[in-house]
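Have a look at the structure below before the remarks.
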Amino acid sequence: MTDPSGIDGVPNGRLTFRTVWGGPSPQTGFIEEVARIKQRLRTVEFSYQLDLFLTVGGEITPVPGPSGLRTPRVFLSRCTATGEIRISNDDVSVAADPVAFLRQTIHRAIADLMSRIAARDPAFDADAERAKIAFLIDDEATVDAQAVPAAETPAAERTRE
């Protein structure tokens, strides 16, 4: 077990994603956008270790029900929170902007997880932690985000192999 506290006793957790694509053809831009989000989150320190499993539904593995956070768990003694973010292919197909829908769904799920932490840990500053993920719904973040070339995406790497 790793100690989540930094040298000065202030926790320095990270937010990590593991991703499963539910089909051979995820929505246009999803792979690239998830790569951008992961890249941006690598440098952000949180007071809890946040471990999320992102499932994007598709032809092979559909995601039933509405998109959002599932199976959230908070472990106070380890300063860890986990959950699954499920994104329904049906929800995405009716969205005017699928990439914006992805970003909003991820933001809403992380914010919900942070609310659950705050409900159990009075020392957790949910507003300060949510401010760290505001870039997900900030209009300028989408415009200013540098595109990850298709050759650098995980799907492109698998195709080359």
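Ordering of the structure tokens sets the chain letters (A, B, ...); residue numbers start at 1 within each chain; ligands are numbered from 1 in the order shown.
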| Neighbour list for A:Val63 as a PyMOL selection string, cut-off 7 Å, only C-alpha atoms, skip fewer than 4 positions in-chain | chain A and resi 57+86-89
Would you mind exporting the chosen residues as a short mmCIF file (atom, residue, chain, number, x, y, z; two decimals), in the first residue's frame, restricted to C-alpha atoms?
data_model
loop_
_atom_site.label_atom_id
_atom_site.label_comp_id
_atom_site.auth_asym_id
_atom_site.auth_seq_id
_atom_site.Cartn_x
_atom_site.Cartn_y
_atom_site.Cartn_z
CA GLY A 57 -20.33 1.74 -25.29
CA ARG A 86 -20.11 4.65 -18.42
CA ILE A 87 -20.91 6.44 -21.64
CA SER A 88 -23.84 5.07 -23.60
CA ASN A 89 -23.53 4.93 -27.37
#
| said: Residues near A:Arg40, anyone? I mean within 10 Å using only C-alpha atoms, not counting same-chain ones fewer than 6 positions away, as a PyMOL selection string. | reply: chain A and resi 34+133+135-136+145
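Shortest atom-to-atom contact with A:Ile37 among A:Arg120, A:Ala126, A:Ile106, A:Gly13: A:Ile106, counting only C-alpha atoms.
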| query | Residues at most 6 Å from A:Gly22, counting only C-alpha atoms, excluding those fewer than 4 positions away in the same chain, as an MDAnalysis selection string? | reply | chainID A and resid 56:58 60:61
| field | strand (DSSP E or B) call set, DSSP backbone run, stretch 4-153 of chain A, as an NGL selection string | value | :A and (5 or 11 or 13 or 15-21 or 46 or 49-56 or 68-75 or 80-87)
| query | Do you know which residues are at most 12 Å from A:His107 counting only C-alpha atoms, after dropping those on the same chain fewer than 5 positions away, and could you put them as a PyMOL selection string? | reply | chain A and resi 37+52+67-69+85+100-102+112-114+129-138
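Of the listed residues (A:Phe30, A:Phe53, A:Phe75, A:Phe124), A:Phe30 comes nearest to A:Val92; the distances count only C-alpha atoms.
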| query | Quick one: DSSP alpha helix (DSSP H) residues in stretch 8-156 of chain A, as a PyMOL selection string? | reply | chain A and resi 30-41+89-94+98-120+126-131+139-144+154-156
| query | A:Ser77, A:Pro24, A:Gln104, A:Leu15: which is nearest A:Pro62, counting only C-alpha atoms? | reply | A:Pro24
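Counting only C-alpha atoms, the residue from A:Gly65, A:Arg108, A:Ser47, A:Pro26 that sits nearest to A:Ala128 is A:Ser47.
Between atom CA of A:Ala35 and atom CA of A:Asp125 the interatomic distance comes to 27.3 Å.
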| task | Fewer than 5 positions away in the same chain doesn't count, so skip those; otherwise give me all residues within 8 Å of A:Val74, counting only C-alpha atoms, as an MDAnalysis selection string. | result | chainID A and resid 79:82 116:117
Got time to write the residues from that selection, N, CA and C atoms, as a PDB file, in the first residue's frame?
ATOM      1  N   CYS A  79      -7.313   7.435   1.466  1.00  0.00           N
ATOM      2  CA  CYS A  79      -7.495   8.645   0.650  1.00  0.00           C
ATOM      3  C   CYS A  79      -7.627   8.274  -0.819  1.00  0.00           C
ATOM      4  N   THR A  80      -8.514   7.322  -1.091  1.00  0.00           N
ATOM      5  CA  THR A  80      -8.723   6.811  -2.443  1.00  0.00           C
ATOM      6  C   THR A  80     -10.213   6.778  -2.746  1.00  0.00           C
ATOM      7  N   ALA A  81     -10.561   7.070  -3.990  1.00  0.00           N
ATOM      8  CA  ALA A  81     -11.940   6.931  -4.455  1.00  0.00           C
ATOM      9  C   ALA A  81     -11.891   6.289  -5.836  1.00  0.00           C
ATOM     10  N   THR A  82     -12.831   5.379  -6.068  1.00  0.00           N
ATOM     11  CA  THR A  82     -12.881   4.676  -7.348  1.00  0.00           C
ATOM     12  C   THR A  82     -14.291   4.717  -7.909  1.00  0.00           C
ATOM     13  N   ARG A 116     -19.244  12.810  -3.125  1.00  0.00           N
ATOM     14  CA  ARG A 116     -19.329  11.639  -2.256  1.00  0.00           C
ATOM     15  C   ARG A 116     -18.186  11.612  -1.250  1.00  0.00           C
ATOM     16  N   ILE A 117     -16.998  12.033  -1.690  1.00  0.00           N
ATOM     17  CA  ILE A 117     -15.863  12.117  -0.760  1.00  0.00           C
ATOM     18  C   ILE A 117     -16.169  13.158   0.305  1.00  0.00           C
TER      19      ILE A 117
END
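The interatomic distance for the pair atom CA of A:Lys38 and atom CA of A:Trp21 works out to 15.4 Å.
The nearest approach to A:Leu54 among the residues A:Leu41, A:Val94, A:Val20, A:Ile110, with only C-alpha atoms taken into account, belongs to A:Val20.
Our summary of the geometry notes that atom CA of A:Gln49 is positioned 27.4 Å from atom CA of A:Gly29.
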| message | Counting only C-alpha atoms, which residue out of A:Thr28, A:Thr71, A:Asn12, A:Thr43 sits closest to A:Ala109? | response | A:Thr71
